[in-house]
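Colleague: Coordinates in protein_3.txt, compact mmCIF, C-alpha atoms, are listed below.
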# COMPACT_ATOMS: atom_id res chain seq x y z
CA MET V 3 154.34 70.21 -121.20
CA LYS V 4 156.57 72.33 -118.96
CA ILE V 5 155.38 75.28 -116.88
CA GLY V 6 157.58 77.93 -115.28
CA LEU V 7 156.75 80.60 -112.69
CA LEU V 8 158.54 83.94 -112.48
CA THR V 9 157.75 85.75 -109.24
CA VAL V 10 158.60 89.45 -109.25
CA GLY V 11 159.01 91.17 -105.90
CA THR V 12 161.93 92.57 -103.97
CA GLU V 13 159.87 92.18 -100.79
CA ILE V 14 159.98 88.39 -101.20
CA LEU V 15 163.76 88.33 -101.56
CA LEU V 16 164.08 90.52 -98.46
CA GLY V 17 161.93 88.11 -96.46
CA ASP V 18 159.22 90.67 -95.82
CA THR V 19 156.62 88.66 -97.75
CA LEU V 20 156.14 84.90 -97.97
CA ASN V 21 155.70 83.54 -101.50
CA THR V 22 152.47 81.62 -100.94
CA ASN V 23 151.63 81.89 -104.66
CA LEU V 24 154.28 79.26 -105.37
CA SER V 25 152.73 76.59 -103.15
CA SER V 26 149.18 77.52 -104.18
CA LEU V 27 150.01 77.33 -107.89
CA GLY V 28 151.86 74.03 -107.49
CA ASN V 29 148.87 72.52 -105.69
CA ILE V 30 146.30 73.83 -108.19
CA LEU V 31 148.32 72.59 -111.15
CA TYR V 32 148.87 69.17 -109.59
CA ASN V 33 145.17 68.73 -108.84
CA SER V 34 144.45 69.63 -112.46
CA GLY V 35 146.90 67.09 -113.88
CA TYR V 36 149.89 69.38 -114.51
CA ASN V 37 153.17 70.11 -112.78
CA LEU V 38 155.15 73.26 -112.15
CA ASN V 39 158.59 72.63 -113.64
CA THR V 40 160.64 75.68 -112.60
CA GLU V 41 160.30 78.73 -110.35
CA LEU V 42 162.41 81.88 -110.08
CA THR V 43 162.02 84.92 -107.88
CA VAL V 44 163.57 88.21 -108.98
CA SER V 45 163.61 91.79 -107.71
CA ASP V 46 161.69 94.73 -109.19
CA ASN V 47 164.53 95.42 -111.58
CA GLU V 48 164.34 95.49 -115.39
CA GLU V 49 167.53 93.53 -115.96
CA GLU V 50 166.57 90.86 -113.40
CA ILE V 51 163.05 90.48 -114.78
CA ILE V 52 164.32 90.05 -118.35
CA GLY V 53 167.01 87.60 -117.24
CA GLY V 54 164.54 85.51 -115.31
CA PHE V 55 162.01 85.52 -118.14
CA LYS V 56 164.62 84.50 -120.73
CA TYR V 57 165.70 81.58 -118.56
CA LEU V 58 162.16 80.30 -118.03
CA GLU V 59 161.15 80.93 -121.65
CA ASN V 60 163.97 78.68 -122.87
CA LYS V 61 163.07 75.85 -120.49
CA ASN V 62 159.26 75.90 -120.57
CA ASP V 63 156.28 75.84 -122.91
CA LEU V 64 154.30 78.20 -120.72
CA VAL V 65 155.55 80.95 -118.41
CA ILE V 66 153.50 82.49 -115.61
CA ILE V 67 154.67 85.84 -114.27
CA CYS V 68 153.18 87.21 -111.07
CA GLY V 69 153.73 90.49 -109.30
CA GLY V 70 154.55 94.04 -110.33
CA LEU V 71 151.19 95.00 -111.88
CA GLY V 72 150.28 97.66 -109.32
CA PRO V 73 150.04 101.41 -109.94
CA THR V 74 153.27 102.54 -108.25
CA GLU V 75 156.63 103.28 -109.85
CA ASP V 76 158.22 100.02 -108.69
CA ASP V 77 155.51 98.00 -110.50
CA ILE V 78 157.25 97.52 -113.85
CA THR V 79 156.61 93.89 -114.83
CA LYS V 80 154.13 94.52 -117.65
CA GLU V 81 156.20 97.36 -119.10
CA VAL V 82 159.45 95.35 -119.02
CA ILE V 83 157.97 92.20 -120.60
CA SER V 84 156.15 94.22 -123.29
CA LYS V 85 159.38 96.03 -124.16
CA TYR V 86 161.30 92.75 -124.33
CA LEU V 87 158.65 91.18 -126.61
CA ASN V 88 158.41 94.36 -128.74
CA LEU V 89 154.74 94.82 -127.93
CA LYS V 90 153.27 98.31 -127.77
CA LEU V 91 151.17 99.18 -124.72
CA ILE V 92 147.70 100.43 -125.58
CA LEU V 93 145.34 102.18 -123.20
CA ASP V 94 142.11 100.23 -122.65
CA SER V 95 139.55 102.99 -122.05
CA LYS V 96 136.89 100.47 -120.97
CA HIS V 97 139.17 99.28 -118.21
CA VAL V 98 139.79 102.84 -117.10
CA SER V 99 136.02 103.30 -116.73
CA TYR V 100 135.78 100.00 -114.86
CA MET V 101 138.43 101.10 -112.36
CA GLU V 102 136.83 104.53 -111.91
CA GLU V 103 133.51 102.85 -111.13
CA ARG V 104 135.16 100.62 -108.52
CA TRP V 105 136.67 103.63 -106.78
CA SER V 106 133.44 105.60 -107.06
CA SER V 107 131.44 102.76 -105.45
CA ARG V 108 133.56 103.32 -102.34
CA GLY V 109 132.95 107.03 -102.42
CA LEU V 110 136.46 107.77 -103.68
CA LYS V 111 138.09 109.25 -106.76
CA MET V 112 140.61 107.07 -108.58
CA PRO V 113 144.19 108.45 -108.45
CA ASP V 114 145.70 109.20 -111.85
CA ILE V 115 148.55 106.75 -111.25
CA ASN V 116 146.08 103.84 -111.50
CA ILE V 117 145.60 104.56 -115.22
CA LYS V 118 148.81 102.61 -115.96
CA GLN V 119 146.96 99.44 -114.90
CA ALA V 120 144.73 99.85 -117.97
CA LEU V 121 147.68 99.64 -120.39
CA VAL V 122 147.47 96.35 -122.31
CA PRO V 123 150.19 94.91 -124.60
CA TYR V 124 149.09 94.83 -128.25
CA GLY V 125 147.61 91.42 -129.11
CA ALA V 126 147.30 90.33 -125.48
CA LYS V 127 144.10 88.87 -124.09
CA LYS V 128 142.85 90.63 -120.98
CA LEU V 129 141.97 88.27 -118.11
CA THR V 130 139.28 89.23 -115.63
CA ASN V 131 140.47 90.07 -112.14
CA THR V 132 137.43 89.81 -109.87
CA LYS V 133 139.32 90.92 -106.76
CA GLY V 134 141.44 93.86 -107.93
CA THR V 135 141.99 96.55 -110.54
CA ALA V 136 144.97 95.07 -112.43
CA PRO V 137 143.80 92.69 -115.18
CA GLY V 138 145.67 89.48 -115.90
CA LEU V 139 147.19 89.16 -119.36
CA HIS V 140 147.68 86.26 -121.76
CA ILE V 141 150.22 86.65 -124.57
CA GLU V 142 150.83 83.99 -127.20
CA ILE V 143 154.07 84.56 -129.09
CA ASP V 144 156.45 82.24 -131.00
CA ASN V 145 154.48 79.14 -129.91
CA LYS V 146 154.95 80.13 -126.29
CA ASN V 147 152.23 81.15 -123.86
CA VAL V 148 152.88 83.87 -121.31
CA PHE V 149 150.49 84.69 -118.48
CA ILE V 150 151.13 87.92 -116.54
CA LEU V 151 149.12 87.90 -113.31
CA PRO V 152 148.77 90.14 -110.24
CA GLY V 153 150.89 89.27 -107.20
CA PRO V 154 148.41 89.51 -104.27
CA PRO V 155 147.28 85.92 -103.52
CA ASN V 156 143.59 86.91 -103.31
CA GLU V 157 143.87 88.14 -106.93
CA PHE V 158 146.40 85.61 -108.26
CA ILE V 159 144.59 82.41 -107.21
CA PRO V 160 141.14 83.24 -108.70
CA ILE V 161 142.69 84.10 -112.08
CA VAL V 162 144.69 80.86 -112.01
CA ASN V 163 141.50 78.90 -111.34
CA ASP V 164 139.22 80.87 -113.68
CA GLU V 165 141.54 81.54 -116.60
CA LEU V 166 144.80 79.56 -116.54
CA VAL V 167 143.48 76.09 -115.67
CA PRO V 168 140.66 76.18 -118.28
CA PHE V 169 143.23 77.24 -120.90
CA LEU V 170 145.51 74.34 -119.97
CA GLU V 171 142.67 71.84 -120.13
CA VAL V 172 141.82 72.95 -123.68
CA LYS V 173 145.38 73.39 -124.95
CA TYR V 174 147.35 70.61 -123.25
CA LYS V 175 146.65 67.08 -122.13
CA GLY V 176 147.17 66.66 -118.40
CA ASN V 177 149.03 63.78 -116.81
CA LYS V 178 146.91 62.93 -113.81
CA ARG V 179 148.89 61.67 -110.86
CA ASP V 180 147.44 59.95 -107.84
CA TYR V 181 149.72 60.92 -104.98
CA ARG V 182 149.28 58.93 -101.78
CA PHE V 183 150.91 59.65 -98.42
CA ILE V 184 152.22 57.71 -95.44
CA LEU V 185 153.21 59.65 -92.31
CA PHE V 186 155.95 58.36 -90.02
CA TYR V 187 157.28 59.43 -86.66
CA ASN V 188 160.36 58.31 -84.73
CA GLN V 189 162.29 57.53 -87.92
CA ALA V 190 165.44 59.07 -89.42
CA GLU V 191 164.85 60.02 -93.05
CA SER V 192 167.99 58.28 -94.32
CA HIS V 193 167.24 55.07 -92.41
CA LEU V 194 163.63 55.05 -93.60
CA ALA V 195 164.65 55.51 -97.24
CA SER V 196 167.39 52.89 -96.94
CA GLU V 197 164.97 50.27 -95.59
CA ILE V 198 162.22 51.08 -98.11
CA ASN V 199 164.74 50.83 -100.96
CA LYS V 200 165.03 47.13 -100.13
CA PHE V 201 161.48 46.39 -101.26
CA LYS V 202 160.02 49.36 -103.13
CA PRO V 203 158.72 48.71 -106.69
CA LYS V 204 161.25 49.50 -109.39
CA ASP V 205 159.43 52.34 -111.17
CA ILE V 206 157.66 53.95 -108.22
CA ASP V 207 157.62 57.77 -108.13
CA ILE V 208 158.53 58.37 -104.48
CA ALA V 209 159.73 61.23 -102.28
CA TYR V 210 160.48 61.84 -98.60
CA LEU V 211 159.48 65.11 -96.90
CA ALA V 212 160.87 65.56 -93.38
CA SER V 213 159.65 68.24 -90.97
CA LYS V 214 160.31 68.53 -87.21
CA GLY V 215 160.30 64.81 -86.45
CA ILE V 216 157.57 63.87 -88.91
CA ILE V 217 158.44 62.21 -92.22
CA LYS V 218 155.89 62.33 -95.00
CA LEU V 219 156.36 59.68 -97.68
CA ARG V 220 154.71 60.66 -100.95
CA TYR V 221 154.30 58.30 -103.88
CA ASP V 222 152.34 58.20 -107.11
CA LYS V 223 149.97 55.25 -107.10
CA ASN V 224 149.64 55.54 -110.89
CA SER V 225 153.37 54.88 -111.31
CA ILE V 226 153.04 51.23 -110.23
CA SER V 227 150.69 48.30 -110.83
CA LYS V 228 147.86 47.41 -108.47
CA GLN V 229 149.69 44.25 -107.39
CA ASP V 230 152.91 46.15 -106.67
CA HIS V 231 150.96 48.78 -104.76
CA GLU V 232 149.31 46.22 -102.49
CA LYS V 233 152.62 44.48 -101.79
CA PHE V 234 154.33 47.82 -101.14
CA LEU V 235 151.78 48.74 -98.46
CA LEU V 236 152.09 45.31 -96.85
CA ASP V 237 155.88 45.62 -96.70
CA ILE V 238 155.61 49.13 -95.24
CA LYS V 239 153.25 47.94 -92.51
CA GLU V 240 155.38 44.91 -91.68
CA CYS V 241 158.55 47.00 -91.27
CA PHE V 242 157.27 50.22 -89.72
CA ASN V 243 153.81 49.59 -88.27
CA GLU V 244 154.60 51.03 -84.82
CA ASP V 245 155.97 54.25 -86.32
CA ILE V 246 153.19 54.96 -88.82
CA LEU V 247 151.03 57.96 -87.97
CA ALA V 248 148.59 57.74 -90.87
CA TYR V 249 148.05 56.59 -94.45
CA GLU V 250 146.93 60.04 -95.54
CA ASN V 251 148.24 63.60 -95.70
CA ILE V 252 146.87 64.80 -92.38
CA HIS V 253 148.14 66.99 -89.55
CA ILE V 254 149.41 65.07 -86.53
CA SER V 255 146.99 66.92 -84.24
CA SER V 256 144.05 65.65 -86.33
CA ILE V 257 145.20 62.10 -85.73
CA LEU V 258 145.16 62.72 -81.99
CA PHE V 259 141.75 64.39 -82.24
CA ASP V 260 140.31 61.34 -84.02
CA LEU V 261 141.58 59.11 -81.21
CA LEU V 262 140.05 61.37 -78.57
CA LYS V 263 136.70 61.37 -80.38
CA THR V 264 136.68 57.64 -81.03
CA ASN V 265 137.34 56.83 -77.38
CA ASN V 266 135.24 59.68 -75.95
CA LEU V 267 138.17 61.11 -74.01
CA THR V 268 138.81 64.58 -72.58
CA ILE V 269 142.29 66.04 -72.27
CA THR V 270 144.10 68.95 -70.63
CA THR V 271 147.61 70.30 -71.20
CA VAL V 272 150.31 71.86 -69.05
CA GLU V 273 152.98 73.53 -71.17
CA SER V 274 156.23 75.21 -70.29
CA ILE V 275 158.77 74.93 -73.12
CA THR V 276 156.09 74.84 -75.83
CA GLY V 277 154.30 77.93 -74.51
CA GLY V 278 150.84 76.86 -75.67
CA LEU V 279 151.85 75.41 -79.06
CA ILE V 280 150.30 72.01 -78.27
CA ALA V 281 147.01 73.67 -77.38
CA SER V 282 147.22 75.80 -80.51
CA LYS V 283 147.66 72.74 -82.72
CA LEU V 284 144.79 70.90 -81.06
CA THR V 285 142.40 73.82 -81.38
CA GLN V 286 142.93 73.98 -85.14
CA ASN V 287 140.51 71.04 -85.33
CA PRO V 288 136.80 71.98 -85.52
CA GLY V 289 134.82 70.29 -82.75
CA ILE V 290 137.82 69.83 -80.45
CA SER V 291 135.98 71.67 -77.63
CA ASN V 292 134.15 68.41 -76.89
CA ASN V 293 137.49 66.78 -76.01
CA TYR V 294 139.98 69.50 -75.14
CA LEU V 295 138.95 71.07 -71.83
CA SER V 296 141.71 73.54 -71.02
CA GLY V 297 145.41 74.23 -70.87
CA ASP V 298 147.86 75.97 -68.56
CA ILE V 299 151.01 77.73 -69.72
CA VAL V 300 153.36 77.58 -66.73
CA TYR V 301 156.44 79.28 -68.11
CA SER V 302 157.76 80.74 -64.86
CA SER V 303 158.42 79.08 -61.49
CA LEU V 304 155.67 81.26 -60.03
CA ALA V 305 153.14 79.92 -62.52
CA LYS V 306 154.15 76.35 -61.75
CA SER V 307 153.78 77.01 -58.01
CA LYS V 308 150.31 78.48 -58.48
CA LEU V 309 149.11 75.43 -60.45
CA LEU V 310 150.55 73.09 -57.80
CA ASN V 311 149.25 75.36 -55.01
CA VAL V 312 152.56 74.89 -53.16
CA ASP V 313 156.02 76.41 -53.42
CA LEU V 314 158.36 74.55 -55.73
CA ASP V 315 160.70 72.31 -53.77
CA THR V 316 162.35 70.29 -56.54
CA GLU V 317 164.68 70.88 -59.46
CA ASP V 318 164.02 67.38 -60.77
CA TRP V 319 161.98 67.98 -63.94
CA GLU V 320 160.86 64.36 -64.18
CA GLU V 321 159.28 64.61 -60.74
CA LEU V 322 157.92 68.10 -61.46
CA SER V 323 156.31 67.01 -64.73
CA ILE V 324 154.40 64.31 -62.84
CA GLU V 325 153.21 66.77 -60.18
CA LEU V 326 152.03 69.24 -62.83
CA CYS V 327 150.23 66.50 -64.75
CA PHE V 328 148.38 65.34 -61.63
CA ALA V 329 147.51 68.92 -60.74
CA SER V 330 145.89 69.39 -64.13
CA LEU V 331 143.88 66.19 -63.81
CA LYS V 332 142.64 67.33 -60.39
CA LYS V 333 141.88 70.89 -61.51
CA TYR V 334 139.81 70.02 -64.59
CA GLY V 335 138.71 66.41 -64.05
CA SER V 336 139.90 65.37 -67.53
CA ASN V 337 140.44 61.77 -68.58
CA ILE V 338 144.03 62.44 -69.63
CA SER V 339 146.54 65.18 -69.00
CA ILE V 340 149.96 65.91 -70.45
CA SER V 341 152.71 68.14 -69.09
CA ILE V 342 155.95 69.12 -70.80
CA LEU V 343 159.10 70.78 -69.44
CA GLY V 344 162.32 71.48 -71.27
CA GLU V 345 165.14 73.74 -72.38
CA ALA V 346 164.80 75.48 -75.75
CA GLY V 347 167.89 77.67 -75.49
CA PRO V 348 169.91 79.45 -76.63
CA ILE V 349 171.09 79.63 -73.00
CA THR V 350 170.11 77.01 -70.46
CA SER V 351 168.31 78.19 -67.31
CA SER V 352 168.57 74.93 -65.38
CA GLN V 353 170.77 71.92 -64.75
CA TYR V 354 169.59 70.42 -68.04
CA PRO V 355 171.19 70.89 -71.48
CA ILE V 356 169.48 72.66 -74.38
CA GLY V 357 167.09 70.30 -76.14
CA LYS V 358 166.34 68.15 -73.09
CA ILE V 359 162.58 67.71 -72.53
CA PHE V 360 160.39 65.70 -70.15
CA ILE V 361 156.86 64.64 -71.10
CA CYS V 362 154.43 63.22 -68.56
CA ILE V 363 151.08 61.73 -69.54
CA SER V 364 148.58 60.33 -67.05
CA ASN V 365 145.02 59.13 -66.70
CA ILE V 366 145.54 58.49 -62.94
CA GLU V 367 145.55 54.70 -63.43
CA LYS V 368 148.55 54.85 -65.73
CA THR V 369 151.33 57.43 -65.70
CA GLN V 370 154.34 57.56 -67.98
CA VAL V 371 157.26 59.96 -68.20
CA THR V 372 159.52 60.05 -71.25
CA GLU V 373 162.79 61.92 -71.58
CA HIS V 374 164.08 63.15 -74.92
CA LYS V 375 166.99 65.12 -76.41
CA LEU V 376 165.97 67.28 -79.36
CA ASN V 377 168.25 69.04 -81.83
CA GLY V 378 167.96 72.36 -83.63
CA ASN V 379 167.65 76.04 -82.82
CA ARG V 380 165.13 77.43 -80.33
CA THR V 381 162.23 77.54 -82.80
CA GLU V 382 162.97 74.05 -84.11
CA ILE V 383 163.25 72.55 -80.61
CA ILE V 384 159.90 74.04 -79.58
CA GLU V 385 158.21 72.75 -82.74
CA ARG V 386 159.76 69.31 -82.33
CA ALA V 387 158.75 69.24 -78.67
CA SER V 388 155.11 69.91 -79.52
CA ASN V 389 155.10 67.20 -82.21
CA LYS V 390 156.84 64.77 -79.85
CA SER V 391 154.20 65.45 -77.19
CA ILE V 392 151.34 64.75 -79.59
CA TRP V 393 153.10 61.58 -80.77
CA GLU V 394 153.49 60.37 -77.18
CA LEU V 395 149.79 61.08 -76.56
CA ILE V 396 148.82 59.06 -79.63
CA LYS V 397 150.90 56.10 -78.45
CA PHE V 398 149.57 56.41 -74.89
CA ILE V 399 145.93 56.34 -75.98
CA LYS V 400 146.53 53.44 -78.37
CA SER V 401 148.10 51.49 -75.51
CA LEU V 402 144.88 51.85 -73.51
CA TYR V 403 142.51 50.45 -76.14
Have the structure of the file written as structure tokens, please.
Modeller:
Amino acid sequence: MKIGLLTVGTEILLGDTLNTNLSSLGNILYNSGYNLNTELTVSDNEEEIIGGFKYLENKNDLVIICGGLGPTEDDITKEVISKYLNLKLILDSKHVSYMEERWSSRGLKMPDINIKQALVPYGAKKLTNTKGTAPGLHIEIDNKNVFILPGPPNEFIPIVNDELVPFLEVKYKGNKRDYRFILFYNQAESHLASEINKFKPKDIDIAYLASKGIIKLRYDKNSISKQDHEKFLLDIKECFNEDILAYENIHISSILFDLLKTNNLTITTVESITGGLIASKLTQNPGISNNYLSGDIVYSSLAKSKLLNVDLDTEDWEELSIELCFASLKKYGSNISISILGEAGPITSSQYPIGKIFICISNIEKTQVTEHKLNGNRTEIIERASNKSIWELIKFIKSLY
């Protein structure tokens, strides 16, 4: 059972809109026991839409098309596919009334151009769109199933859940996978894979997903025996225990939050290069206000001087990171504080090269400063610096208890 997705939208190809429907659909299908096999994105152009559809139709049993069902002249998906399949478009008068009532309920009159959304290909099943005016469509032709769905995520996802998934469960047998995750830090992807290849079970379904210093190992537990699974986890722990973040698919900041909660610790942050990104990641966790007291963004020399309450008299960032960390501890009375300084580029503003960062963590009794060299562009260095800081905090707290 192969499923293909054709996304129609010039705005996606231009980078104006992020294709979140792809990741949402992949996740929904996986959780339902199915997999998305192929995805293509094409512009709002008849030739491109037909070419993309032909390609997916030849490779898949079921094709999902999203986008291009709106009322404007660039919304041509339904018309193009109907023409290609030789299906006449028929006006659904009930749907016209439905749309008019929706507009009327808001005290408005429906524009005439919206009538095109009530055109339904002959023989197609209309799918209820609870969030918008364009209905989804299901066409079964030549033993192939075609679903044409609206592009806006708040319309696309409900129809996938309410109409597509129930259809799949009746029509096709799902192949339920049981994906498990192990999160690593401080490991190169190639080295990690090379070492795991030495002991991984022969038929394991495994993948490595690297992102800004964090490597997520994903494997299908159902692809190996219980005995092989237990041995695999033991071998992983024996080889990489110090670099394992978690045995679940969890954000790195949530791991830190759990440590703070477990040990009843409060924390403050002093950020320069990361500009508040560490604080932003921490505050994504509900309940973090019990542990995260406050943060200072000291991007300029003036801001650093004000936190220290003295004029800056050093260009040594290792020394400065310690002073800023102590100042935060004194200011807020937290159990732990972290400060981070560094160069993100593209032009250095100090004696240090781009990518050089200093991280200081202290609880007064113990203070550590670590120096790192990060690679990438400005955005990547900042993201890596925030992840590195959280990783150093995790290690620091674990070393205390």
Colleague: For segment 231-236 of chain V, what centre and edge lengths in Å (one decimal) does the axis-aligned box get once 8 Å is added on each side of all its listed atoms, as AutoDock Vina command-line options?
Modeller:
--center_x 151.8 --center_y 46.6 --center_z -100.8 --size_x 21.0 --size_y 20.3 --size_z 23.9
Colleague: Mind checking which residues fall within 9 Å of Leu314 of chain V, counting all atoms listed in the file, ignoring those fewer than 5 positions away in the same chain, and posting them as a PyMOL selection string?
Modeller: chain V and resi 303-304+306-307+322
Colleague: Atom CA of His97 of chain V and atom CA of Leu110 of chain V, how far apart in Å?
Modeller: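 Rounded to one decimal, the two atoms are 17.0 Å apart.
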Colleague: State, in Å with one decimal place, the distance from atom CA of Val82 of chain V to atom CA of Gly70 of chain V.
Modeller: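 Calculated distance between atom CA of Val82 of chain V and atom CA of Gly70 of chain V is 10.1 Å.
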Colleague: Show me as JSON, numbers by chain the residues that reach within 9 Å of (154.6, 93.8, -113.0), counting all atoms listed in the file and using the file's own coordinates.
Modeller: {"V": [10, 11, 46, 67, 68, 69, 70, 71, 72, 76, 77, 78, 79, 80, 81, 82, 83, 150, 151, 152, 153]}
Colleague: For each of V:Ile141, V:Val167, V:Ile66, V:Leu8, take the minimum atom-to-atom distance to Val44 of chain V, counting only C-alpha atoms, then give the residue where this is smallest.
Modeller: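 Residue with the minimum atom-to-atom distance to Val44 of chain V: V:Leu8.
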Colleague: For segment 88-94 of chain V, list every protein, DNA or RNA residue within 7 Å, evaluated using all atoms listed in the file, and leave out those in the same chain fewer than 2 positions away; present the list as a list of chain:residue names.
Modeller: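 My reading of the contact set: V:Ser84, V:Lys85, V:Tyr86, V:Lys96, V:His97, V:Val98, V:Ala120, V:Leu121, V:Val122, V:Pro123, V:Tyr124.
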Colleague: Could you turn the residues from that selection into a file that holds C-alpha atoms, as a compact mmCIF listing (two decimals), in the coordinates of the input?
Modeller:
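Everything below was put into result.txt:
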# COMPACT_ATOMS: atom_id res chain seq x y z
CA SER V 84 156.15 94.22 -123.29
CA LYS V 85 159.38 96.03 -124.16
CA TYR V 86 161.30 92.75 -124.33
CA LYS V 96 136.89 100.47 -120.97
CA HIS V 97 139.17 99.28 -118.21
CA VAL V 98 139.79 102.84 -117.10
CA ALA V 120 144.73 99.85 -117.97
CA LEU V 121 147.68 99.64 -120.39
CA VAL V 122 147.47 96.35 -122.31
CA PRO V 123 150.19 94.91 -124.60
CA TYR V 124 149.09 94.83 -128.25
Colleague: What lies within 8 Å of segment 208-210 of chain V using all atoms listed in the file, ignoring chain neighbours under 6 positions off, as number ranges by chain?
Modeller: V: 191, 195, 217-222
Colleague: Counting all atoms listed in the file, what is within 12 Å of Ser302 of chain V, bar same-chain residues fewer than 2 positions away, as a ChimeraX atom specification?
Modeller: /V:273-275,277,298-300,304-309,314,343,351
Colleague: For the point (160.2, 91.7, -101.8) in file coordinates, what residues are within 10 Å, counting all atoms listed in the file? Give the answer as a list in words?
Modeller: Thr9, Val10, Gly11, Thr12, Glu13, Ile14, Leu15, Leu16, Gly17, Asp18, Thr19, Leu20, Asn21, Thr43, Val44, Ser45, Asp46 and Gly69 of chain V
Colleague: Name the residues in contact with segment 327-341 of chain V at a cut-off of 7 Å, using all atoms listed in the file, excluding same-chain residues fewer than 2 positions from it; report them as a PyMOL selection string.
Modeller: chain V and resi 267-273+309-310+323-325+343+361-365
